[in-house]
file run-v2.cif (mmCIF, C-alpha atoms and all ligand atoms)
data_coords
loop_
_atom_site.group_PDB
_atom_site.id
_atom_site.type_symbol
_atom_site.label_atom_id
_atom_site.label_comp_id
_atom_site.auth_asym_id
_atom_site.auth_seq_id
_atom_site.Cartn_x
_atom_site.Cartn_y
_atom_site.Cartn_z
ATOM 1 C CA MET A 849 -10.579 2.716 19.510
ATOM 2 C CA ALA A 850 -6.826 2.352 20.020
ATOM 3 C CA THR A 851 -4.129 4.231 18.135
ATOM 4 C CA GLU A 852 -2.644 1.889 15.528
ATOM 5 C CA ARG A 853 -0.009 1.914 12.817
ATOM 6 C CA THR A 854 -0.423 0.351 9.397
ATOM 7 C CA LEU A 855 1.806 -0.104 6.355
ATOM 8 C CA SER A 856 0.753 1.610 3.151
ATOM 9 C CA ILE A 857 2.324 1.329 -0.302
ATOM 10 C CA ILE A 858 1.636 3.765 -3.125
ATOM 11 C CA LYS A 859 2.085 1.470 -6.120
ATOM 12 C CA PRO A 860 3.889 2.011 -9.463
ATOM 13 C CA ASP A 861 0.736 2.906 -11.432
ATOM 14 C CA ALA A 862 0.209 5.839 -9.042
ATOM 15 C CA THR A 863 3.835 6.991 -8.628
ATOM 16 C CA LYS A 864 4.205 7.003 -12.438
ATOM 17 C CA ARG A 865 1.192 9.346 -12.730
ATOM 18 C CA ASN A 866 2.550 11.655 -9.982
ATOM 19 C CA LEU A 867 -0.371 10.907 -7.646
ATOM 20 C CA THR A 868 1.587 10.642 -4.375
ATOM 21 C CA GLY A 869 0.425 14.051 -3.099
ATOM 22 C CA LYS A 870 -3.233 13.498 -4.026
ATOM 23 C CA ILE A 871 -3.234 10.079 -2.322
ATOM 24 C CA ASN A 872 -1.492 11.448 0.775
ATOM 25 C CA ALA A 873 -4.130 14.182 0.983
ATOM 26 C CA LYS A 874 -6.824 11.464 1.188
ATOM 27 C CA PHE A 875 -4.997 9.843 4.131
ATOM 28 C CA GLU A 876 -4.549 13.140 5.953
ATOM 29 C CA GLU A 877 -8.154 14.239 5.338
ATOM 30 C CA ALA A 878 -9.256 10.949 6.965
ATOM 31 C CA GLY A 879 -7.209 11.750 10.089
ATOM 32 C CA LEU A 880 -4.303 9.412 9.335
ATOM 33 C CA ARG A 881 -0.816 10.799 10.091
ATOM 34 C CA ILE A 882 2.110 9.809 7.831
ATOM 35 C CA VAL A 883 4.749 8.980 10.457
ATOM 36 C CA ALA A 884 7.309 7.497 8.036
ATOM 37 C CA GLN A 885 7.666 7.565 4.265
ATOM 38 C CA LYS A 886 10.235 6.727 1.596
ATOM 39 C CA ARG A 887 10.337 6.265 -2.173
ATOM 40 C CA ILE A 888 12.147 3.078 -3.188
ATOM 41 C CA HIS A 889 12.489 0.856 -6.264
ATOM 42 C CA LEU A 890 11.994 -2.772 -5.201
ATOM 43 C CA SER A 891 13.539 -5.766 -6.961
ATOM 44 C CA LYS A 892 11.212 -8.562 -8.077
ATOM 45 C CA GLU A 893 12.749 -10.749 -5.340
ATOM 46 C CA GLN A 894 12.026 -8.150 -2.630
ATOM 47 C CA VAL A 895 8.405 -7.893 -3.813
ATOM 48 C CA GLY A 896 8.163 -11.692 -3.852
ATOM 49 C CA VAL A 897 9.116 -11.883 -0.176
ATOM 50 C CA PHE A 898 6.638 -9.143 0.747
ATOM 51 C CA TYR A 899 3.755 -10.857 -1.084
ATOM 52 C CA ALA A 900 4.814 -14.451 -0.189
ATOM 53 C CA VAL A 901 1.313 -15.117 1.188
ATOM 54 C CA HIS A 902 0.027 -14.906 -2.431
ATOM 55 C CA LYS A 903 2.695 -17.284 -3.838
ATOM 56 C CA GLU A 904 0.188 -19.886 -5.012
ATOM 57 C CA ARG A 905 -2.185 -17.380 -6.650
ATOM 58 C CA PRO A 906 -2.310 -17.231 -10.455
ATOM 59 C CA PHE A 907 -1.553 -13.496 -10.400
ATOM 60 C CA TYR A 908 1.579 -13.757 -8.193
ATOM 61 C CA ASP A 909 4.156 -13.431 -10.984
ATOM 62 C CA GLU A 910 2.278 -10.544 -12.624
ATOM 63 C CA LEU A 911 1.977 -8.837 -9.213
ATOM 64 C CA CYS A 912 5.749 -9.143 -8.570
ATOM 65 C CA GLU A 913 6.606 -7.828 -12.069
ATOM 66 C CA PHE A 914 4.261 -4.873 -11.654
ATOM 67 C CA MET A 915 5.444 -3.879 -8.166
ATOM 68 C CA ALA A 916 9.073 -3.962 -9.356
ATOM 69 C CA SER A 917 8.345 -2.052 -12.591
ATOM 70 C CA ALA A 918 8.795 1.472 -11.155
ATOM 71 C CA PRO A 919 9.316 3.177 -7.772
ATOM 72 C CA VAL A 920 6.830 2.798 -4.934
ATOM 73 C CA VAL A 921 6.301 4.964 -1.861
ATOM 74 C CA VAL A 922 6.223 2.921 1.349
ATOM 75 C CA GLN A 923 4.780 4.634 4.372
ATOM 76 C CA VAL A 924 3.505 4.115 7.892
ATOM 77 C CA LEU A 925 0.131 5.641 8.724
ATOM 78 C CA GLU A 926 -0.894 6.244 12.327
ATOM 79 C CA GLY A 927 -4.274 7.016 13.866
ATOM 80 C CA GLU A 928 -7.305 5.691 15.718
ATOM 81 C CA GLY A 929 -8.174 2.339 14.136
ATOM 82 C CA ALA A 930 -5.636 3.100 11.394
ATOM 83 C CA ILE A 931 -5.746 -0.397 9.850
ATOM 84 C CA SER A 932 -9.468 -0.414 9.088
ATOM 85 C CA LYS A 933 -9.622 3.333 8.453
ATOM 86 C CA ASN A 934 -6.929 3.001 5.787
ATOM 87 C CA ARG A 935 -8.807 0.131 4.150
ATOM 88 C CA GLU A 936 -11.935 2.321 4.033
ATOM 89 C CA VAL A 937 -10.011 5.196 2.457
ATOM 90 C CA MET A 938 -8.426 2.804 -0.103
ATOM 91 C CA GLY A 939 -11.719 1.174 -1.165
ATOM 92 C CA ALA A 940 -12.240 -2.360 -2.507
ATOM 93 C CA THR A 941 -9.326 -4.223 -4.168
ATOM 94 C CA ASN A 942 -11.111 -4.126 -7.532
ATOM 95 C CA PRO A 943 -11.726 -0.467 -8.454
ATOM 96 C CA ALA A 944 -14.988 -1.521 -10.149
ATOM 97 C CA ASP A 945 -16.312 -2.371 -6.654
ATOM 98 C CA ALA A 946 -14.736 0.573 -4.794
ATOM 99 C CA ALA A 947 -17.036 3.116 -3.135
ATOM 100 C CA GLU A 948 -17.202 6.643 -4.493
ATOM 101 C CA GLY A 949 -14.528 8.981 -3.144
ATOM 102 C CA THR A 950 -12.102 6.193 -2.242
ATOM 103 C CA ILE A 951 -8.536 6.161 -3.595
ATOM 104 C CA ARG A 952 -9.119 3.100 -5.770
ATOM 105 C CA ALA A 953 -12.411 4.451 -7.169
ATOM 106 C CA GLU A 954 -10.684 7.698 -8.140
ATOM 107 C CA PHE A 955 -7.242 6.535 -9.215
ATOM 108 C CA ALA A 956 -6.871 2.744 -9.686
ATOM 109 C CA GLU A 957 -6.587 1.370 -13.204
ATOM 110 C CA SER A 958 -7.469 -2.308 -12.601
ATOM 111 C CA VAL A 959 -7.550 -5.003 -9.895
ATOM 112 C CA GLY A 960 -3.820 -5.569 -10.439
ATOM 113 C CA GLU A 961 -2.786 -1.926 -10.852
ATOM 114 C CA ASN A 962 -4.835 -0.637 -7.967
ATOM 115 C CA SER A 963 -2.697 2.296 -6.749
ATOM 116 C CA VAL A 964 -2.340 1.374 -3.059
ATOM 117 C CA HIS A 965 -1.712 -1.482 -0.634
ATOM 118 C CA GLY A 966 -2.700 -1.466 3.046
ATOM 119 C CA SER A 967 -2.110 -4.010 5.822
ATOM 120 C CA ASP A 968 -5.167 -6.105 6.685
ATOM 121 C CA ALA A 969 -4.662 -6.899 10.414
ATOM 122 C CA PRO A 970 -2.493 -5.891 13.411
ATOM 123 C CA GLU A 971 -0.108 -8.872 13.002
ATOM 124 C CA THR A 972 0.460 -8.253 9.284
ATOM 125 C CA ALA A 973 0.815 -4.495 9.913
ATOM 126 C CA ALA A 974 3.639 -5.126 12.414
ATOM 127 C CA GLU A 975 5.373 -7.574 10.040
ATOM 128 C CA GLU A 976 4.993 -5.355 6.987
ATOM 129 C CA ILE A 977 6.200 -2.216 8.806
ATOM 130 C CA SER A 978 9.312 -4.021 10.026
ATOM 131 C CA TYR A 979 10.034 -5.250 6.470
ATOM 132 C CA PHE A 980 10.597 -1.656 5.319
ATOM 133 C CA PHE A 981 11.348 0.478 8.381
ATOM 134 C CA ALA A 982 13.594 0.460 11.453
ATOM 135 C CA GLY A 983 12.004 1.668 14.700
ATOM 136 C CA LEU A 984 14.085 4.867 14.656
ATOM 137 C CA GLU A 985 12.533 5.881 11.304
ATOM 138 C CA LEU A 986 9.003 6.081 12.748
ATOM 139 C CA VAL A 987 8.383 9.600 13.990
ATOM 140 C CA GLY A 988 4.912 10.016 15.509
HETATM 141 P P1 LIG B 1001 -3.022 -5.700 -2.424
HETATM 142 O O1 LIG B 1001 -3.990 -5.138 -1.436
HETATM 143 O O2 LIG B 1001 -1.707 -5.039 -2.542
HETATM 144 O O3 LIG B 1001 -2.792 -7.256 -2.110
HETATM 145 C C1 LIG B 1001 -2.478 -8.206 -3.085
HETATM 146 C C2 LIG B 1001 -2.571 -7.663 -4.469
HETATM 147 O O4 LIG B 1001 -2.717 -8.618 -5.476
HETATM 148 C C3 LIG B 1001 -3.821 -6.817 -4.600
HETATM 149 O O5 LIG B 1001 -3.706 -5.638 -3.862
HETATM 150 C C4 LIG B 1001 -3.902 -6.642 -6.096
HETATM 151 O O6 LIG B 1001 -3.083 -5.604 -6.582
HETATM 152 C C5 LIG B 1001 -3.345 -7.965 -6.577
HETATM 153 N N1 LIG B 1001 -4.435 -8.780 -7.091
HETATM 154 C C6 LIG B 1001 -5.484 -9.265 -6.416
HETATM 155 N N2 LIG B 1001 -6.288 -9.949 -7.254
HETATM 156 C C7 LIG B 1001 -5.730 -9.881 -8.465
HETATM 157 C C8 LIG B 1001 -6.074 -10.392 -9.746
HETATM 158 N N3 LIG B 1001 -7.188 -11.105 -9.922
HETATM 159 N N4 LIG B 1001 -5.254 -10.132 -10.776
HETATM 160 C C9 LIG B 1001 -4.112 -9.414 -10.599
HETATM 161 N N5 LIG B 1001 -3.735 -8.907 -9.405
HETATM 162 C C10 LIG B 1001 -4.529 -9.143 -8.360
#
call {"tool": "encode", "arguments": {"input": "run-v2.cif", "output": "structure tokens"}}
result
Amino acid sequence: MATERTLSIIKPDATKRNLTGKINAKFEEAGLRIVAQKRIHLSKEQVGVFYAVHKERPFYDELCEFMASAPVVVQVLEGEGAISKNREVMGATNPADAAEGTIRAEFAESVGENSVHGSDAPETAAEEISYFFAGLELVG
């Protein structure tokens, strides 16, 4: 499998509970390398652009409010098959369905406040990484 990069976001519910280190340990234990990382506080408008694909969903406004409610940690993870590996480590979107040992099973509070985001495909990974990071900030 090829080496890939994927965008990860540690969401406000997790940063508020000081879980950044515990979540990063899960990524590193799975063989993912954190090649860029920063803690930022997004505006509702900036979140809206990031999640524009969900604009028509009933939860869009709630999602934008939540993601702008406190700082997030945006990061780029690198490794073999990083996009799917990260999604395995995160677990299902709804923590009630997430497999044991996954980040969402251990830490997520609800389907909305689910601790982490991860890109779902190579095209979205490239777009999402470039939304937050310049090429010079990625240090493999
Ligand atoms: P994420 O992987 O970041 O992608 C879109 C997000 O929308 C998702 O995680 C959830 O946090 C959120 N989401 C999905 N479904 C719902 C829902 N039914 N209610 C509230 N938020 C949701």
call {"tool": "resolve_selection", "arguments": {"input": "run-v2.cif", "expression": "the PyMOL selection byres (((chain A and resi 887) around 12) and not hetatm)", "output": "list of chain:residue names"}}
result
A:Ser856, A:Ile857, A:Ile858, A:Lys859, A:Pro860, A:Thr863, A:Lys864, A:Thr868, A:Ala884, A:Gln885, A:Lys886, A:Ile888, A:His889, A:Leu890, A:Ala918, A:Pro919, A:Val920, A:Val921, A:Val922, A:Gln923, A:Phe980
call {"tool": "resolve_selection", "arguments": {"input": "run-v2.cif", "expression": "the PyMOL selection byres (((chain A and resi 966) around 8) and not hetatm)", "output": "list in words"}}
result
Thr854, Leu855, Ser856, Ile857, Ile931, Asn934, Arg935, Met938, Val964, His965, Ser967 and Asp968 of chain A
call {"tool": "atom_distance", "arguments": {"input": "run-v2.cif", "atom1": "atom CA of A:Phe907", "atom2": "atom CA of A:Val924"}}
result
25.9 Å
call {"tool": "closest_atom_pairs", "arguments": {"input": "run-v2.cif", "of": "chain A", "to": "ligand LIG 1001 (chain B)", "cutoff": "9 Å", "atoms": "only C-alpha atoms and all ligand atoms", "output": "CSV"}}
result
residue,atom,partner,partner_atom,distance
A:Ile857,CA,B:LIG1001,O2,7.9
A:Lys859,CA,B:LIG1001,O2,8.3
A:Tyr899,CA,B:LIG1001,C1,7.1
A:Val901,CA,B:LIG1001,C1,9.0
A:His902,CA,B:LIG1001,C1,7.2
A:Arg905,CA,B:LIG1001,C7,8.5
A:Pro906,CA,B:LIG1001,N4,7.7
A:Phe907,CA,B:LIG1001,C9,4.8
A:Tyr908,CA,B:LIG1001,O4,7.2
A:Glu910,CA,B:LIG1001,C9,6.8
A:Leu911,CA,B:LIG1001,N5,5.7
A:Phe914,CA,B:LIG1001,O6,9.0
A:Met915,CA,B:LIG1001,O6,8.8
A:Ala940,CA,B:LIG1001,O1,8.8
A:Thr941,CA,B:LIG1001,O5,5.8
A:Asn942,CA,B:LIG1001,N2,7.6
A:Ser958,CA,B:LIG1001,C9,8.1
A:Val959,CA,B:LIG1001,C10,5.3
A:Gly960,CA,B:LIG1001,N5,3.5
A:Glu961,CA,B:LIG1001,O6,5.6
A:Asn962,CA,B:LIG1001,O6,5.4
A:Ser963,CA,B:LIG1001,O6,7.9
A:Val964,CA,B:LIG1001,O2,6.5
A:His965,CA,B:LIG1001,O2,4.0
A:Gly966,CA,B:LIG1001,O1,5.9
A:Ser967,CA,B:LIG1001,O1,7.6
A:Asp968,CA,B:LIG1001,O1,8.3
call {"tool": "atom_distance", "arguments": {"input": "run-v2.cif", "atom1": "atom CA of A:Ala862", "atom2": "atom CA of A:Leu984"}}
result
27.5 Å
call {"tool": "atom_distance", "arguments": {"input": "run-v2.cif", "atom1": "atom CA of A:Phe875", "atom2": "atom CA of A:Val937"}}
result
7.0 Å
call {"tool": "closest_residue", "arguments": {"input": "run-v2.cif", "among": "A:Glu975, A:Met849, A:Leu867, A:Gly879", "to": "A:Val897", "atoms": "all atoms listed in the file"}}
result
A:Glu975
call {"tool": "residues_around", "arguments": {"input": "run-v2.cif", "residues": "A:Gly929", "least_positions_apart": "2", "cutoff": "9 Å", "atoms": "only C-alpha atoms", "output": "JSON, numbers by chain"}}
result
{"A": [849, 850, 851, 852, 853, 926, 927, 931, 932, 933, 934]}
call {"tool": "residues_around", "arguments": {"input": "run-v2.cif", "residues": "A:Glu893", "least_positions_apart": "6", "cutoff": "10 Å", "atoms": "all atoms listed in the file", "output": "list in words"}}
result
Tyr899, Cys912, Glu913 and Ala916 of chain A
call {"tool": "closest_residue", "arguments": {"input": "run-v2.cif", "among": "A:Ser891, A:Ile882, A:Ala930, A:Ala946", "to": "A:Glu985", "atoms": "all atoms listed in the file"}}
result
A:Ile882
